[in-house]
Amino acid sequence: MSRDPLLQPFKLKHLTLRNRLLLTAHEPAYAENGMPKERYRAYHVERARAGIALTMTAGSASVARDSAPAFNNILAWKDEVVGWMRKLVDECHEHGAAVMIQLTHLGRRTRWDAGDWLPVVSASEQREPAHRAVPKRLEDWDIERITKDYGDAAERMKAAGLDGIEIMANGHLLDQLWSPRTNDLDAPYGGSLDDRMRFTFDVLTEVRRRVGPGFIVGVRYVGDETVPDGLSKADGLEISRRLKSSGMVDFLNVVRGHIDTDAGLTDMIPLQGMPSAPHLDFAGEIRSATDFPTFHAGRIPDVATARHAIASGKLDMVGMTRAHLADPEILAKVIAGEEERIRPCVGANYCIDRASKGQEALCIHNPATGRETLGLNRIDHAGKPRRVVIVGAGPAGMEAARVAALRGHDVIVHEAASDPGGQIRLTARTERRREMLSIISWRFDECVRAGVTFHFNSLADAEVVLGEGADDIIIATGGLPNDEVLTTGNGLVVSSWDILAGDVEPGANVLIEDGAGDAAGLQAAEAVVSAGGRVEITTRDRTVSPEVMGMSLTPAMRKLQPAGAIFTVGWRVSAVTQEGNELVAELSSDYGDFKATRRVDQVVVNHGTLPLDELYFDLKPLSANLGAVDYDALVEGRPQAVERNPEGRFRLFRIGDAVASRDTHAAIYDGLRLARCI
Ligand SMILES: Cc1cc2nc3c(=O)[nH]c(=O)nc-3n(C[C@H](O)[C@H](O)[C@H](O)COP(=O)(O)O)c2cc1C
Ligand code: SF4
């Protein structure tokens, strides 16, 4: 038997969990009409198969109609859910994983224009900044009906064969009653802590009445809101003791912070550049104060930290939730002694930022996640090896190289720079985004292991590439900044890349024309303020940086706001002229023939990239497919078989930003899909 603390079983009531890793609840927004169907099931089964001990399905499965599915939540208030959950549970059980579900009433953490357009309820009329719905204050009949709804949902889950449920009290309705800053009800549901917790105990009593004493029931809750008018740590300890001593709860799953704003959510679920495991010690304090089964997750991204959390006695079960979005096979790799091969979670929060918008949760560098039904994680041997030459070692090229090599092909990569990484290298020059490099270093190690040959500092032209005698040539050369966007003065501006790469010093008074709305614009602005400059960002969009999602915006705002950065929406720089030492920028608007001007010493243009495609077009007439891609075959994972030129001796493809400016996930997905079908 292994001595690894992570691989020790844990006894929770009558249930033996086979190791110490759990997936905490996370709504991936894969539900179809509110039901966890095939895609949802496949996602959990994949992780069960690889060894997870417990998967807490859903995230915020709604117990009531007026807990509207703001992020495509599972509708646990429908009887139909039982059949779907039973299928999911049965399949996960076959692979040895325990299955529970998080049940909730979202309270004000949703919208009235989702679901059935019912009014949102809470313990006050204050709206949650994140979801913006103004709630009605709970009435007696709301309390009665929601209490019963919890009982109904718990009973459904027991009927579906789940191992237990988790009642959610973190930023959702129950906690909206707990917290003095969101509860202005009168007694008996507002006022003292006794009264603010009364509804939770009503719910737990009803749940127990319906599922009996043997069924596992836990609570996920906030143990310290970390804001002056919220629940304090002392409150959290008291709440923990009360939950335990109620005798109705079997485990505590504790978090710290508040989730009513993007910034609060980011501190609770920290992203790249923020400290690892910031709330672990706090969770450990709860465990030692209560001596009760304690679960916790919060940027414990690697098995070494998880192991420490168990070995030091801080936790009984440790959540590695995003880590399992990035690599479903963590436990299989730990058990096989291949920890160094775990695909690292780089904390980009692409997954949760998308899910918070109700979009399917996807991992920035594992396109197979959420697409388990397509079997993208299974890379089959091609049978007949081909010689594959890839030009460009950015994310798209590296993924294509990895997958093509795993398929048994002879893979050669030419890269003009001295290191792999492409645009990711530029992104990672901002210290807080340095972890992005792991997207490349993990792929590089996997490529080397699979026998890929790399030529760095190799500016491959058509002659070099043709000299390789390839069967397939993949152009993954990326793009170059699109910085000729003005009617006048293109020669007077620099690009965001010039600033990020350090090729141009940031000015003292800088205007950033942000047409792309992506992270590069913000990172260029951060470089300006870091160098002591003043910055204004203009965008014709309605909002700041629309491609940078909620939590990802937080660290940038924390840098830019205190430095006095100005965000000007609805205006774009259309022309720049020089007057003495100054640049005069003319701003125009899509809303009318309005003009404004700014006098600055530097204008930075951030308009994404244009494809670096010269090599592709040089090779295109010589190729067998003339560059054409069979999109149906690509999407369905069938071999590419387009023949358009009988003289051609190789097939030619291009991927990533060499086709069109997109994001890292899109580039990697291009590489994976193409390499699977050559
Ligand atoms: C896509 C996504 C959706 C989430 N949704 C929920 C949710 O509905 N309920 C919840 O309690 N936590 C939710 N979480 C938070 C996770 O349970 C976990 O606390 C968080 O990801 C931090 O743990 P980690 O660093 O191991 O990922 C979500 C996380 C992700 C990534
Ligand atoms: S998107 Fe980023 S945070 Fe989410 S799982 Fe992938 S690497 Fe981790």
# chains A, B, ... in the order shown; residues from 1 in each chain; ligands from 1
>>> closest_atom_pairs(of="segment 531-556 of chain A", to="segment 596-610 of chain A", cutoff="10 Å", atoms="only C-alpha atoms", output="JSON lines")
{"residue": "A:Arg534", "atom": "CA", "partner": "A:Val600", "partner_atom": "CA", "distance": 9.6}
{"residue": "A:Val535", "atom": "CA", "partner": "A:Val600", "partner_atom": "CA", "distance": 9.4}
{"residue": "A:Glu536", "atom": "CA", "partner": "A:Arg598", "partner_atom": "CA", "distance": 9.7}
{"residue": "A:Ile537", "atom": "CA", "partner": "A:Val604", "partner_atom": "CA", "distance": 9.2}
{"residue": "A:Thr538", "atom": "CA", "partner": "A:Val605", "partner_atom": "CA", "distance": 9.9}
{"residue": "A:Thr539", "atom": "CA", "partner": "A:Asn606", "partner_atom": "CA", "distance": 9.9}
>>> select_by_dssp(residues="segment 485-535 of chain A", states="alpha helix (DSSP H)", output="list of chain:residue names")
A:Ser496, A:Trp497, A:Asp498, A:Ile499, A:Leu500, A:Ala501, A:Ala519, A:Ala520, A:Gly521, A:Leu522, A:Gln523, A:Ala524, A:Ala525, A:Glu526, A:Ala527, A:Val528, A:Val529, A:Ser530
>>> residues_around(residues="segment 79-95 of chain A", least_positions_apart="2", cutoff="8 Å", atoms="only C-alpha atoms", output="PDB file with N, CA and C atoms, in the first residue's frame")
ATOM      1  N   MET A  35     -30.494  19.786 -17.622  1.00  0.00           N
ATOM      2  CA  MET A  35     -30.277  18.391 -17.236  1.00  0.00           C
ATOM      3  C   MET A  35     -28.827  17.968 -17.516  1.00  0.00           C
ATOM      4  N   PRO A  36     -28.252  17.162 -16.606  1.00  0.00           N
ATOM      5  CA  PRO A  36     -26.879  16.678 -16.810  1.00  0.00           C
ATOM      6  C   PRO A  36     -26.887  15.490 -17.768  1.00  0.00           C
ATOM      7  N   LYS A  37     -26.822  15.776 -19.039  1.00  0.00           N
ATOM      8  CA  LYS A  37     -26.944  14.707 -20.039  1.00  0.00           C
ATOM      9  C   LYS A  37     -25.566  14.143 -20.393  1.00  0.00           C
ATOM     10  N   ARG A  41     -22.176  14.066 -18.155  1.00  0.00           N
ATOM     11  CA  ARG A  41     -21.798  12.771 -17.573  1.00  0.00           C
ATOM     12  C   ARG A  41     -20.374  12.402 -17.985  1.00  0.00           C
ATOM     13  N   HIS A  44     -17.606  14.021 -15.930  1.00  0.00           N
ATOM     14  CA  HIS A  44     -17.354  13.465 -14.592  1.00  0.00           C
ATOM     15  C   HIS A  44     -16.809  12.041 -14.669  1.00  0.00           C
ATOM     16  N   VAL A  45     -17.318  11.270 -15.633  1.00  0.00           N
ATOM     17  CA  VAL A  45     -16.867   9.876 -15.743  1.00  0.00           C
ATOM     18  C   VAL A  45     -15.371   9.836 -16.074  1.00  0.00           C
ATOM     19  N   ALA A  48     -13.621  10.284 -12.907  1.00  0.00           N
ATOM     20  CA  ALA A  48     -13.828   9.120 -12.037  1.00  0.00           C
ATOM     21  C   ALA A  48     -12.910   7.977 -12.487  1.00  0.00           C
ATOM     22  N   ARG A  49     -12.832   7.798 -13.792  1.00  0.00           N
ATOM     23  CA  ARG A  49     -12.022   6.712 -14.339  1.00  0.00           C
ATOM     24  C   ARG A  49     -10.553   6.891 -13.952  1.00  0.00           C
ATOM     25  N   GLY A  51      -9.430   8.226 -11.270  1.00  0.00           N
ATOM     26  CA  GLY A  51      -9.126   7.952  -9.871  1.00  0.00           C
ATOM     27  C   GLY A  51      -9.621   8.938  -8.842  1.00  0.00           C
ATOM     28  N   LEU A  75     -31.170  21.909 -12.998  1.00  0.00           N
ATOM     29  CA  LEU A  75     -32.448  22.237 -12.357  1.00  0.00           C
ATOM     30  C   LEU A  75     -32.861  21.075 -11.459  1.00  0.00           C
ATOM     31  N   ALA A  76     -32.400  21.142 -10.207  1.00  0.00           N
ATOM     32  CA  ALA A  76     -32.665  20.047  -9.271  1.00  0.00           C
ATOM     33  C   ALA A  76     -34.104  20.080  -8.784  1.00  0.00           C
ATOM     34  N   TRP A  77     -34.871  21.089  -9.188  1.00  0.00           N
ATOM     35  CA  TRP A  77     -36.285  21.146  -8.772  1.00  0.00           C
ATOM     36  C   TRP A  77     -37.185  20.354  -9.715  1.00  0.00           C
ATOM     37  N   ALA A  97     -15.617   6.029  -8.037  1.00  0.00           N
ATOM     38  CA  ALA A  97     -15.695   7.370  -7.442  1.00  0.00           C
ATOM     39  C   ALA A  97     -17.028   7.562  -6.736  1.00  0.00           C
ATOM     40  N   ALA A  98     -17.000   8.263  -5.637  1.00  0.00           N
ATOM     41  CA  ALA A  98     -18.242   8.664  -4.970  1.00  0.00           C
ATOM     42  C   ALA A  98     -18.774   9.918  -5.657  1.00  0.00           C
ATOM     43  N   VAL A  99     -20.100  10.080  -5.611  1.00  0.00           N
ATOM     44  CA  VAL A  99     -20.727  11.210  -6.307  1.00  0.00           C
ATOM     45  C   VAL A  99     -21.691  11.919  -5.361  1.00  0.00           C
ATOM     46  N   ARG A 156     -34.784  13.842  -4.184  1.00  0.00           N
ATOM     47  CA  ARG A 156     -34.513  13.421  -5.575  1.00  0.00           C
ATOM     48  C   ARG A 156     -33.099  12.855  -5.695  1.00  0.00           C
ATOM     49  N   MET A 157     -32.155  13.517  -5.047  1.00  0.00           N
ATOM     50  CA  MET A 157     -30.763  13.085  -5.181  1.00  0.00           C
ATOM     51  C   MET A 157     -30.533  11.754  -4.473  1.00  0.00           C
ATOM     52  N   ALA A 159     -32.820   9.525  -4.251  1.00  0.00           N
ATOM     53  CA  ALA A 159     -33.458   8.548  -5.152  1.00  0.00           C
ATOM     54  C   ALA A 159     -32.563   8.233  -6.353  1.00  0.00           C
ATOM     55  N   ALA A 160     -31.747   9.181  -6.746  1.00  0.00           N
ATOM     56  CA  ALA A 160     -30.867   8.962  -7.904  1.00  0.00           C
ATOM     57  C   ALA A 160     -29.621   8.167  -7.523  1.00  0.00           C
ATOM     58  N   GLY A 161     -29.486   7.848  -6.255  1.00  0.00           N
ATOM     59  CA  GLY A 161     -28.369   6.993  -5.842  1.00  0.00           C
ATOM     60  C   GLY A 161     -27.104   7.748  -5.478  1.00  0.00           C
ATOM     61  N   LEU A 162     -27.204   9.054  -5.289  1.00  0.00           N
ATOM     62  CA  LEU A 162     -25.997   9.804  -4.928  1.00  0.00           C
ATOM     63  C   LEU A 162     -25.505   9.409  -3.537  1.00  0.00           C
TER      64      LEU A 162
END
>>> residues_near_ligand(ligand="ligand 2", cutoff="6 Å", atoms="only C-alpha atoms and all ligand atoms", output="short mmCIF file (atom, residue, chain, number, x, y, z; two decimals) with C-alpha atoms, in the first residue's frame")
data_model
loop_
_atom_site.label_atom_id
_atom_site.label_comp_id
_atom_site.auth_asym_id
_atom_site.auth_seq_id
_atom_site.Cartn_x
_atom_site.Cartn_y
_atom_site.Cartn_z
CA ARG A 322 -9.29 23.60 -11.87
CA ALA A 323 -6.26 21.31 -11.77
CA LEU A 325 -10.10 20.67 -15.63
CA ALA A 326 -6.56 21.06 -16.96
CA CYS A 345 -3.27 24.37 -14.39
CA VAL A 346 -1.77 27.78 -15.15
CA GLY A 347 -4.49 29.70 -13.32
CA ALA A 348 -5.69 31.54 -16.40
CA ASN A 349 -9.31 31.29 -15.18
CA TYR A 350 -10.50 30.98 -18.77
CA CYS A 351 -12.69 28.14 -17.41
CA CYS A 363 -9.60 25.04 -20.21
CA ILE A 364 -7.23 27.46 -21.89
CA HIS A 365 -4.79 24.68 -22.77
#
>>> residues_near_ligand(ligand="ligand 1", cutoff="6 Å", atoms="only C-alpha atoms and all ligand atoms", output="ChimeraX atom specification")
/A:24-28,59-60,269,297-300,319-322,351-352,355,361
>>> write_last_selection(atoms="C-alpha atoms", output="PDB file, in the first residue's frame")
ATOM      1  CA  THR A  24     -15.402  20.590  -5.497  1.00  0.00           C
ATOM      2  CA  ALA A  25     -18.643  21.778  -7.022  1.00  0.00           C
ATOM      3  CA  HIS A  26     -18.158  23.667 -10.230  1.00  0.00           C
ATOM      4  CA  GLU A  27     -20.885  24.443 -12.666  1.00  0.00           C
ATOM      5  CA  PRO A  28     -19.349  23.925 -16.089  1.00  0.00           C
ATOM      6  CA  GLY A  59     -22.261  23.681  -8.747  1.00  0.00           C
ATOM      7  CA  SER A  60     -25.256  25.512  -7.550  1.00  0.00           C
ATOM      8  CA  ILE A 269     -10.529  31.607  -6.337  1.00  0.00           C
ATOM      9  CA  ALA A 297     -10.313  24.100  -2.333  1.00  0.00           C
ATOM     10  CA  GLY A 298      -8.627  27.331  -3.331  1.00  0.00           C
ATOM     11  CA  ARG A 299      -5.730  27.372  -5.762  1.00  0.00           C
ATOM     12  CA  ILE A 300      -4.097  24.199  -4.619  1.00  0.00           C
ATOM     13  CA  GLY A 319     -10.058  20.059  -3.745  1.00  0.00           C
ATOM     14  CA  MET A 320      -8.033  20.300  -6.933  1.00  0.00           C
ATOM     15  CA  THR A 321     -10.816  21.460  -9.137  1.00  0.00           C
ATOM     16  CA  ARG A 322      -9.288  23.596 -11.867  1.00  0.00           C
ATOM     17  CA  CYS A 351     -12.690  28.136 -17.406  1.00  0.00           C
ATOM     18  CA  ILE A 352     -14.521  29.934 -14.643  1.00  0.00           C
ATOM     19  CA  ALA A 355     -18.731  29.645 -16.923  1.00  0.00           C
ATOM     20  CA  ALA A 361     -16.279  25.928 -19.107  1.00  0.00           C
TER      21      ALA A 361
END
>>> residues_around(residues="Phe282 of chain A", least_positions_apart="2", cutoff="10 Å", atoms="only C-alpha atoms", output="list of chain:residue names")
A:Gly223, A:Asp224, A:Lys233, A:Val254, A:Val255, A:Arg256, A:Ala277, A:Pro278, A:His279, A:Leu280, A:Gly284, A:Glu285, A:Ile286, A:Arg287, A:Ser288, A:His296, A:Lys314
>>> write_last_selection(atoms="C-alpha atoms", output="PDB file, in the first residue's frame")
ATOM      1  CA  GLY A 223     -15.928  31.081   7.260  1.00  0.00           C
ATOM      2  CA  ASP A 224     -14.761  34.712   7.010  1.00  0.00           C
ATOM      3  CA  LYS A 233     -13.428  34.879  11.330  1.00  0.00           C
ATOM      4  CA  VAL A 254     -15.043  25.905   4.037  1.00  0.00           C
ATOM      5  CA  VAL A 255     -14.028  28.872   1.892  1.00  0.00           C
ATOM      6  CA  ARG A 256     -12.959  32.414   2.730  1.00  0.00           C
ATOM      7  CA  ALA A 277      -3.274  28.000  -1.287  1.00  0.00           C
ATOM      8  CA  PRO A 278      -3.971  31.393   0.369  1.00  0.00           C
ATOM      9  CA  HIS A 279      -6.842  30.058   2.496  1.00  0.00           C
ATOM     10  CA  LEU A 280      -5.420  26.676   3.395  1.00  0.00           C
ATOM     11  CA  GLY A 284      -6.829  24.151   8.838  1.00  0.00           C
ATOM     12  CA  GLU A 285      -7.882  26.377  11.746  1.00  0.00           C
ATOM     13  CA  ILE A 286     -11.511  25.427  11.158  1.00  0.00           C
ATOM     14  CA  ARG A 287     -10.566  21.767  11.164  1.00  0.00           C
ATOM     15  CA  SER A 288      -8.617  22.015  14.382  1.00  0.00           C
ATOM     16  CA  HIS A 296     -11.378  22.937   1.117  1.00  0.00           C
ATOM     17  CA  LYS A 314      -5.084  20.905   7.703  1.00  0.00           C
TER      18      LYS A 314
END
>>> residues_around(residues="Asp260 of chain A", least_positions_apart="4", cutoff="8 Å", atoms="only C-alpha atoms", output="count of residues only")
7
